[in-house]
Structure formats: structure tokens, C-alpha cells
file structure.cif (mmCIF, C-alpha atoms)
data_coords
loop_
_atom_site.group_PDB
_atom_site.id
_atom_site.type_symbol
_atom_site.label_atom_id
_atom_site.label_comp_id
_atom_site.auth_asym_id
_atom_site.auth_seq_id
_atom_site.Cartn_x
_atom_site.Cartn_y
_atom_site.Cartn_z
ATOM 1 C CA MET A 1 0.427 14.891 -3.475
ATOM 2 C CA ILE A 2 -2.065 14.523 -0.653
ATOM 3 C CA ALA A 3 -0.145 11.525 0.611
ATOM 4 C CA TYR A 4 3.028 13.549 0.975
ATOM 5 C CA LEU A 5 1.199 16.024 3.183
ATOM 6 C CA LEU A 6 0.372 13.319 5.682
ATOM 7 C CA THR A 7 2.942 13.409 8.436
ATOM 8 C CA ALA A 8 4.749 10.471 9.937
ATOM 9 C CA SER A 9 4.171 11.692 13.470
ATOM 10 C CA LEU A 10 3.146 9.406 16.314
ATOM 11 C CA LEU A 11 -0.538 9.465 17.078
ATOM 12 C CA ILE A 12 -2.670 9.061 20.194
ATOM 13 C CA SER A 13 -3.719 5.431 19.969
ATOM 14 C CA PRO A 14 -5.421 2.601 21.829
ATOM 15 C CA THR A 15 -3.579 1.432 24.949
ATOM 16 C CA ALA A 16 -2.251 -1.607 23.101
ATOM 17 C CA PHE A 17 0.235 0.768 21.498
ATOM 18 C CA ALA A 18 2.536 3.426 22.865
ATOM 19 C CA GLU A 19 0.857 6.813 22.791
ATOM 20 C CA ALA A 20 2.195 10.160 21.669
ATOM 21 C CA PRO A 21 2.720 12.866 24.322
ATOM 22 C CA ALA A 22 -0.369 14.882 25.182
ATOM 23 C CA GLU A 23 -0.612 18.336 23.654
ATOM 24 C CA GLY A 24 1.595 20.740 25.579
ATOM 25 C CA ASP A 25 3.948 18.065 26.858
ATOM 26 C CA ALA A 26 7.634 18.132 26.026
ATOM 27 C CA PRO A 27 8.166 16.628 22.555
ATOM 28 C CA ALA A 28 9.990 13.509 23.718
ATOM 29 C CA GLN A 29 10.317 10.985 20.915
ATOM 30 C CA GLN A 30 9.839 7.446 22.117
ATOM 31 C CA GLN A 31 12.133 4.830 20.624
ATOM 32 C CA ALA A 32 10.836 1.404 19.693
ATOM 33 C CA THR A 33 12.185 -1.201 22.108
ATOM 34 C CA VAL A 34 11.721 -4.956 22.107
ATOM 35 C CA GLY A 35 9.471 -5.987 24.970
ATOM 36 C CA GLU A 36 7.710 -2.611 25.123
ATOM 37 C CA LYS A 37 4.677 -1.214 23.338
ATOM 38 C CA ALA A 38 5.381 -0.407 19.703
ATOM 39 C CA PRO A 39 5.040 3.303 18.874
ATOM 40 C CA ASP A 40 1.940 3.980 16.831
ATOM 41 C CA PHE A 41 2.139 5.739 13.475
ATOM 42 C CA THR A 42 0.164 6.585 10.370
ATOM 43 C CA LEU A 43 1.768 6.668 6.908
ATOM 44 C CA PRO A 44 0.323 7.110 3.402
ATOM 45 C CA THR A 45 0.385 4.264 0.913
ATOM 46 C CA HIS A 46 2.796 4.723 -1.977
ATOM 47 C CA ASP A 47 -0.056 5.246 -4.450
ATOM 48 C CA ALA A 48 -1.724 7.961 -2.338
ATOM 49 C CA LYS A 49 -4.930 5.919 -2.246
ATOM 50 C CA GLY A 50 -4.962 5.311 1.480
ATOM 51 C CA ALA A 51 -2.995 5.176 4.693
ATOM 52 C CA PHE A 52 -1.828 2.605 7.226
ATOM 53 C CA THR A 53 -2.220 3.149 10.962
ATOM 54 C CA LEU A 54 -0.518 0.577 13.168
ATOM 55 C CA SER A 55 -3.015 0.799 16.032
ATOM 56 C CA GLU A 56 -5.885 -0.102 13.713
ATOM 57 C CA TYR A 57 -4.449 -3.613 13.640
ATOM 58 C CA ALA A 58 -4.469 -4.162 17.396
ATOM 59 C CA GLY A 59 -5.166 -7.832 18.042
ATOM 60 C CA LYS A 60 -3.203 -8.916 14.970
ATOM 61 C CA THR A 61 0.474 -9.672 14.457
ATOM 62 C CA VAL A 62 2.081 -7.026 12.253
ATOM 63 C CA VAL A 63 5.319 -7.481 10.301
ATOM 64 C CA LEU A 64 7.101 -4.257 9.344
ATOM 65 C CA GLU A 65 9.682 -4.565 6.573
ATOM 66 C CA TRP A 66 11.893 -1.527 5.966
ATOM 67 C CA PHE A 67 12.054 -1.370 2.219
ATOM 68 C CA ASN A 68 13.844 0.256 -0.707
ATOM 69 C CA PRO A 69 13.417 -1.410 -4.128
ATOM 70 C CA ALA A 70 16.732 0.110 -5.305
ATOM 71 C CA CYS A 71 18.731 -1.717 -2.613
ATOM 72 C CA PRO A 72 20.575 -4.844 -3.833
ATOM 73 C CA PHE A 73 19.849 -6.629 -0.552
ATOM 74 C CA VAL A 74 16.114 -6.003 -0.968
ATOM 75 C CA VAL A 75 16.286 -7.144 -4.581
ATOM 76 C CA ALA A 76 18.081 -10.359 -3.606
ATOM 77 C CA ALA A 77 15.567 -11.034 -0.834
ATOM 78 C CA HIS A 78 12.511 -10.594 -3.075
ATOM 79 C CA GLU A 79 13.700 -12.195 -6.300
ATOM 80 C CA LYS A 80 13.427 -15.903 -7.096
ATOM 81 C CA ASP A 81 14.617 -18.080 -4.211
ATOM 82 C CA GLY A 82 15.182 -15.013 -2.033
ATOM 83 C CA VAL A 83 14.232 -15.231 1.629
ATOM 84 C CA LEU A 84 11.346 -12.769 1.176
ATOM 85 C CA GLU A 85 10.040 -14.211 -2.095
ATOM 86 C CA ASN A 86 6.336 -14.796 -1.416
ATOM 87 C CA MET A 87 6.951 -14.844 2.337
ATOM 88 C CA ALA A 88 4.410 -12.090 2.979
ATOM 89 C CA LYS A 89 1.783 -14.036 1.026
ATOM 90 C CA LYS A 90 2.569 -17.212 2.906
ATOM 91 C CA VAL A 91 2.228 -15.713 6.368
ATOM 92 C CA SER A 92 -0.479 -13.082 5.772
ATOM 93 C CA SER A 93 -3.854 -14.120 7.120
ATOM 94 C CA ASP A 94 -6.716 -12.853 9.241
ATOM 95 C CA ASP A 95 -4.186 -12.804 12.083
ATOM 96 C CA VAL A 96 -1.000 -11.540 10.388
ATOM 97 C CA VAL A 97 -0.525 -8.283 8.467
ATOM 98 C CA TRP A 98 2.625 -7.413 6.482
ATOM 99 C CA ILE A 99 3.566 -3.821 5.643
ATOM 100 C CA ALA A 100 6.625 -2.504 3.800
ATOM 101 C CA VAL A 101 7.873 0.884 5.040
ATOM 102 C CA ASN A 102 9.973 3.025 2.716
ATOM 103 C CA SER A 103 11.884 5.756 4.586
ATOM 104 C CA THR A 104 14.009 6.687 1.562
ATOM 105 C CA SER A 105 14.247 10.455 1.081
ATOM 106 C CA VAL A 106 13.271 12.127 -2.170
ATOM 107 C CA ASP A 107 16.961 12.650 -2.980
ATOM 108 C CA HIS A 108 17.659 8.935 -3.390
ATOM 109 C CA LYS A 109 16.666 6.138 -5.724
ATOM 110 C CA GLY A 110 13.786 3.984 -4.645
ATOM 111 C CA HIS A 111 11.651 6.688 -3.058
ATOM 112 C CA SER A 112 9.155 7.465 -5.816
ATOM 113 C CA PRO A 113 5.649 6.026 -6.171
ATOM 114 C CA ASP A 114 6.656 4.590 -9.555
ATOM 115 C CA ASP A 115 9.689 2.838 -8.042
ATOM 116 C CA ASN A 116 7.461 1.157 -5.491
ATOM 117 C CA THR A 117 4.643 0.388 -7.933
ATOM 118 C CA ASN A 118 7.084 -1.316 -10.283
ATOM 119 C CA ALA A 119 8.618 -3.327 -7.452
ATOM 120 C CA LYS A 120 5.212 -4.465 -6.209
ATOM 121 C CA LYS A 121 4.322 -5.611 -9.707
ATOM 122 C CA GLU A 122 7.634 -7.322 -10.432
ATOM 123 C CA TRP A 123 7.755 -9.144 -7.107
ATOM 124 C CA LYS A 124 4.001 -9.819 -6.981
ATOM 125 C CA MET A 125 3.640 -8.071 -3.634
ATOM 126 C CA ASP A 126 0.035 -7.922 -2.454
ATOM 127 C CA HIS A 127 0.765 -5.956 0.722
ATOM 128 C CA HIS A 128 1.021 -2.173 0.990
ATOM 129 C CA VAL A 129 4.167 -0.106 0.716
ATOM 130 C CA VAL A 130 3.856 3.029 2.857
ATOM 131 C CA LEU A 131 6.018 6.129 2.507
ATOM 132 C CA ASP A 132 7.960 7.749 5.354
ATOM 133 C CA ALA A 133 9.644 10.450 3.292
ATOM 134 C CA ASP A 134 10.729 12.584 6.240
ATOM 135 C CA GLY A 135 12.070 9.522 8.072
ATOM 136 C CA ALA A 136 10.238 10.220 11.334
ATOM 137 C CA VAL A 137 8.895 6.697 11.728
ATOM 138 C CA GLY A 138 12.171 5.137 10.633
ATOM 139 C CA HIS A 139 14.056 7.126 13.251
ATOM 140 C CA THR A 140 11.499 6.205 15.911
ATOM 141 C CA TYR A 141 12.026 2.524 15.137
ATOM 142 C CA ASN A 142 15.777 3.025 14.653
ATOM 143 C CA ALA A 143 15.527 1.329 11.269
ATOM 144 C CA ARG A 144 19.085 1.186 9.976
ATOM 145 C CA THR A 145 19.010 -1.020 6.894
ATOM 146 C CA THR A 146 16.857 -2.263 4.059
ATOM 147 C CA PRO A 147 15.622 -4.751 4.850
ATOM 148 C CA HIS A 148 15.262 -4.237 8.610
ATOM 149 C CA MET A 149 12.443 -6.289 10.104
ATOM 150 C CA TYR A 150 10.115 -5.794 13.055
ATOM 151 C CA VAL A 151 7.340 -7.993 14.404
ATOM 152 C CA VAL A 152 4.606 -6.480 16.566
ATOM 153 C CA ALA A 153 2.635 -8.969 18.665
ATOM 154 C CA PRO A 154 -1.189 -8.831 18.896
ATOM 155 C CA ASP A 155 -0.981 -7.062 22.259
ATOM 156 C CA GLY A 156 0.995 -4.223 20.643
ATOM 157 C CA THR A 157 4.352 -5.266 22.067
ATOM 158 C CA LEU A 158 7.394 -5.118 19.814
ATOM 159 C CA ALA A 159 8.455 -8.772 19.766
ATOM 160 C CA TYR A 160 11.279 -8.769 17.203
ATOM 161 C CA ASP A 161 13.783 -6.274 15.783
ATOM 162 C CA GLY A 162 16.562 -7.216 13.374
ATOM 163 C CA ALA A 163 17.543 -9.141 10.278
ATOM 164 C CA VAL A 164 15.307 -11.315 8.143
ATOM 165 C CA ASP A 165 17.656 -14.245 8.544
ATOM 166 C CA ASN A 166 21.280 -15.209 9.081
ATOM 167 C CA HIS A 167 22.163 -15.511 5.372
ATOM 168 C CA PRO A 168 22.560 -12.035 3.813
ATOM 169 C CA ARG A 169 21.809 -12.097 0.075
ATOM 170 C CA GLY A 170 21.324 -15.849 0.334
ATOM 171 C CA LYS A 171 24.864 -16.449 1.496
ATOM 172 C CA GLY A 172 25.899 -17.628 4.912
ATOM 173 C CA GLU A 173 27.517 -20.357 6.910
ATOM 174 C CA GLY A 174 25.742 -22.983 8.932
ATOM 175 C CA LYS A 175 22.055 -23.762 9.150
ATOM 176 C CA HIS A 176 19.725 -21.187 7.630
ATOM 177 C CA VAL A 177 17.617 -19.460 10.284
ATOM 178 C CA ASN A 178 14.674 -17.261 9.323
ATOM 179 C CA TYR A 179 14.366 -15.027 12.389
ATOM 180 C CA VAL A 180 11.085 -13.471 11.289
ATOM 181 C CA GLN A 181 9.423 -16.830 10.720
ATOM 182 C CA ASP A 182 10.676 -18.049 14.086
ATOM 183 C CA ALA A 183 9.156 -14.976 15.748
ATOM 184 C CA LEU A 184 5.827 -15.515 13.993
ATOM 185 C CA ASP A 185 5.775 -19.184 14.964
ATOM 186 C CA ALA A 186 6.468 -18.359 18.602
ATOM 187 C CA ILE A 187 3.731 -15.725 18.720
ATOM 188 C CA ALA A 188 1.225 -18.072 17.083
ATOM 189 C CA ALA A 189 2.058 -20.711 19.693
ATOM 190 C CA GLY A 190 1.630 -18.245 22.532
ATOM 191 C CA GLU A 191 5.316 -18.447 23.396
ATOM 192 C CA ALA A 192 7.976 -15.821 23.994
ATOM 193 C CA VAL A 193 10.228 -14.993 21.046
ATOM 194 C CA LYS A 194 13.577 -16.498 22.054
ATOM 195 C CA ASN A 195 15.753 -14.395 19.779
ATOM 196 C CA GLY A 196 14.012 -11.021 19.916
ATOM 197 C CA LYS A 197 16.861 -8.848 18.649
ATOM 198 C CA THR A 198 19.479 -9.518 15.985
ATOM 199 C CA LYS A 199 21.828 -7.356 13.936
ATOM 200 C CA PRO A 200 20.150 -6.189 10.710
ATOM 201 C CA TYR A 201 22.003 -6.283 7.424
ATOM 202 C CA GLY A 202 21.513 -4.558 4.077
ATOM 203 C CA CYS A 203 21.822 -1.094 2.548
ATOM 204 C CA SER A 204 21.731 1.840 4.925
ATOM 205 C CA VAL A 205 18.376 3.605 5.073
ATOM 206 C CA LYS A 206 18.725 6.756 2.953
ATOM 207 C CA TYR A 207 17.205 9.267 5.348
ATOM 208 C CA ALA A 208 16.565 12.908 4.541
ATOM 209 C CA ASP A 209 18.850 13.970 7.402
#
call {"tool": "encode", "arguments": {"input": "structure.cif", "output": "C-alpha cells"}}
result
Amino acid sequence: MIAYLLTASLLISPTAFAEAPAEGDAPAQQQATVGEKAPDFTLPTHDAKGAFTLSEYAGKTVVLEWFNPACPFVVAAHEKDGVLENMAKKVSSDDVVWIAVNSTSVDHKGHSPDDNTNAKKEWKMDHHVVLDADGAVGHTYNARTTPHMYVVAPDGTLAYDGAVDNHPRGKGEGKHVNYVQDALDAIAAGEAVKNGKTKPYGCSVKYAD
């Protein structure tokens, strides 16, 4: 229950990340924008054993995957031969961190700690799932679907926002393009991400409001 009491509000953070307004300022909510500093946030892990704060990973590349284990698109992506099957394990390193963010409200399937624990076990996910039950972080990032992917560069800049790839549920025409992998490769090479924004696909995020 402690985890649910943690808020998803933006926090004052190192300058590598966008800061929250100072106390007393107008409560303007910054929106995540490619090419600008990614808004900082802290969210509890699904098992209430810890929390994830984006700014604590300054200097690393961070992949944010909007997640709901009850969504058929998420299931297809994580099951055998899906685009996200083992992808987090393959790219995670001392330099790359992968976090799944679940903004599903308590009124919808896929929100509960058990739902996320079972998904982590079934799909052999080693990375954390963090809970954004009130949807504040999801709205700040304008996360619209599950999955909806973001890549934050080591300098805190939002480098990518959009779909995992161009083949929803493993189906598509033409050459398969993994947009997230392309973004990670460009960042690792010290290059600009050529395709920094694409249209996400999947189930709509089931926000509380």
C-alpha cells in the first residue's frame, strides 16, 4: 500500500532533466517533447519494494515502455517471436536501462501487482515495472498506447517517442524496422536519431480520467 501513496508528480532533479516548477509557481505541467529535456519522475515498483526515479540514471540511456499485460498488442510483442521478446535483456547494460511504465487505472485489467508479477514471470522480464495509477506521468509523456516507447539519451534529452516498430502485432508490409533499436544504435554511435517520432500503435492507455 505504501507504493500507492507515492505520487507520480514531477520532481526537482539534476539539470540533465527537466525540473518541476519551484514551490509557489503556477502549476504548469511540462509535456515531454523530442529534442528537449525529459521530464523527471518517480514511480513505485509494482511489488512495492522500491521506486524508480528517472534522474537517478543521468548519464545512461533509458528506454521507457508503456505497458499493460492485459493488452493484446503487449502480449504479442512479448511472446515468442514478438518484437519485445528478450529485447530488454539484449540491450540492457551498464549504459542502457529499460523500465516498463503501467499507467492503467485500478478500474481496468492489467493494473494490479499480481497482473504485473505474473507477466514478468511469464515473459522472463528482468527489468522493473513501475505503477502510474493516477496517470500523471503518462499524461506528461502523452503516452497514448500500450506499447508506446520512449528513449531518453544520456544527457537527459528525449530522443525518441513512438512505436516499437513498423509491424504491429508482427504484421506489416515492407522491410521490418525496429525504431527503438535504431534509436539506441544511433545514440551509442554518438549520432542524432534520424526518425525521432513515429505514430504509436496498440491498445489505448486506460487512464483514470
call {"tool": "resolve_selection", "arguments": {"input": "structure.cif", "expression": "the PyMOL selection byres ((chain A and resi 205) around 8)", "output": "ChimeraX atom specification"}}
result
/A:103-104,143-146,203-204,206-207
call {"tool": "atom_distance", "arguments": {"input": "structure.cif", "atom1": "CA of Gly172 (chain A)", "atom2": "CA of Lys199 (chain A)"}}
result
14.3 Å
call {"tool": "residues_near_point", "arguments": {"input": "structure.cif", "point": "(9.3, 2.1, 8.6)", "cutoff": "10 Å", "atoms": "all atoms listed in the file", "output": "PDB file with C-alpha atoms, in the coordinates of the input"}}
result
ATOM      1  CA  ALA A   8       4.749  10.471   9.937  1.00  0.00           C
ATOM      2  CA  PHE A  41       2.139   5.739  13.475  1.00  0.00           C
ATOM      3  CA  LEU A  43       1.768   6.668   6.908  1.00  0.00           C
ATOM      4  CA  LEU A  64       7.101  -4.257   9.344  1.00  0.00           C
ATOM      5  CA  GLU A  65       9.682  -4.565   6.573  1.00  0.00           C
ATOM      6  CA  TRP A  66      11.893  -1.527   5.966  1.00  0.00           C
ATOM      7  CA  PHE A  67      12.054  -1.370   2.219  1.00  0.00           C
ATOM      8  CA  ILE A  99       3.566  -3.821   5.643  1.00  0.00           C
ATOM      9  CA  ALA A 100       6.625  -2.504   3.800  1.00  0.00           C
ATOM     10  CA  VAL A 101       7.873   0.884   5.040  1.00  0.00           C
ATOM     11  CA  ASN A 102       9.973   3.025   2.716  1.00  0.00           C
ATOM     12  CA  SER A 103      11.884   5.756   4.586  1.00  0.00           C
ATOM     13  CA  THR A 104      14.009   6.687   1.562  1.00  0.00           C
ATOM     14  CA  VAL A 129       4.167  -0.106   0.716  1.00  0.00           C
ATOM     15  CA  VAL A 130       3.856   3.029   2.857  1.00  0.00           C
ATOM     16  CA  LEU A 131       6.018   6.129   2.507  1.00  0.00           C
ATOM     17  CA  ASP A 132       7.960   7.749   5.354  1.00  0.00           C
ATOM     18  CA  ALA A 133       9.644  10.450   3.292  1.00  0.00           C
ATOM     19  CA  GLY A 135      12.070   9.522   8.072  1.00  0.00           C
ATOM     20  CA  ALA A 136      10.238  10.220  11.334  1.00  0.00           C
ATOM     21  CA  VAL A 137       8.895   6.697  11.728  1.00  0.00           C
ATOM     22  CA  GLY A 138      12.171   5.137  10.633  1.00  0.00           C
ATOM     23  CA  HIS A 139      14.056   7.126  13.251  1.00  0.00           C
ATOM     24  CA  THR A 140      11.499   6.205  15.911  1.00  0.00           C
ATOM     25  CA  TYR A 141      12.026   2.524  15.137  1.00  0.00           C
ATOM     26  CA  ASN A 142      15.777   3.025  14.653  1.00  0.00           C
ATOM     27  CA  ALA A 143      15.527   1.329  11.269  1.00  0.00           C
ATOM     28  CA  ARG A 144      19.085   1.186   9.976  1.00  0.00           C
ATOM     29  CA  THR A 146      16.857  -2.263   4.059  1.00  0.00           C
ATOM     30  CA  HIS A 148      15.262  -4.237   8.610  1.00  0.00           C
ATOM     31  CA  MET A 149      12.443  -6.289  10.104  1.00  0.00           C
ATOM     32  CA  TYR A 150      10.115  -5.794  13.055  1.00  0.00           C
ATOM     33  CA  VAL A 205      18.376   3.605   5.073  1.00  0.00           C
TER      34      VAL A 205
END
call {"tool": "atom_distance", "arguments": {"input": "structure.cif", "atom1": "CA of Glu79 (chain A)", "atom2": "CA of Glu122 (chain A)"}}
result
8.8 Å
call {"tool": "atom_distance", "arguments": {"input": "structure.cif", "atom1": "CA of Asp165 (chain A)", "atom2": "CA of Lys194 (chain A)"}}
result
14.3 Å
call {"tool": "residues_around", "arguments": {"input": "structure.cif", "residues": "region 81-86 of chain A", "least_positions_apart": "3", "cutoff": "12 Å", "atoms": "only C-alpha atoms", "output": "ChimeraX atom specification"}}
result
/A:65,67,72-78,89-92,98,100,120,122-127,147-149,163-171,176-181
call {"tool": "closest_residue", "arguments": {"input": "structure.cif", "among": "A:Lys121, A:Gly202, A:Val151, A:Ala183", "to": "Thr61 (chain A)", "atoms": "all atoms listed in the file"}}
result
A:Val151
call {"tool": "closest_residue", "arguments": {"input": "structure.cif", "among": "A:Ala208, A:Val34, A:Ala70, A:Ala51", "to": "Leu158 (chain A)", "atoms": "only C-alpha atoms"}}
result
A:Val34
call {"tool": "closest_residue", "arguments": {"input": "structure.cif", "among": "A:Ala186, A:Cys71, A:Val152, A:Val193", "to": "Glu36 (chain A)", "atoms": "all atoms listed in the file"}}
result
A:Val152
call {"tool": "residues_near_point", "arguments": {"input": "structure.cif", "point": "(10.5, -2.5, -3.9)", "cutoff": "6 Å", "atoms": "only C-alpha atoms", "output": "VMD selection string"}}
result
chain A and resid 68 to 69 116 119
call {"tool": "resolve_selection", "arguments": {"input": "structure.cif", "expression": "the PyMOL selection byres ((chain A and resi 38) around 7)", "output": "PyMOL selection string"}}
result
chain A and resi 17-18+32+36-37+39-40+152+156-158
call {"tool": "closest_residue", "arguments": {"input": "structure.cif", "among": "A:Gly196, A:Gly59, A:Gly110, A:Pro44", "to": "Ala153 (chain A)", "atoms": "all atoms listed in the file"}}
result
A:Gly59
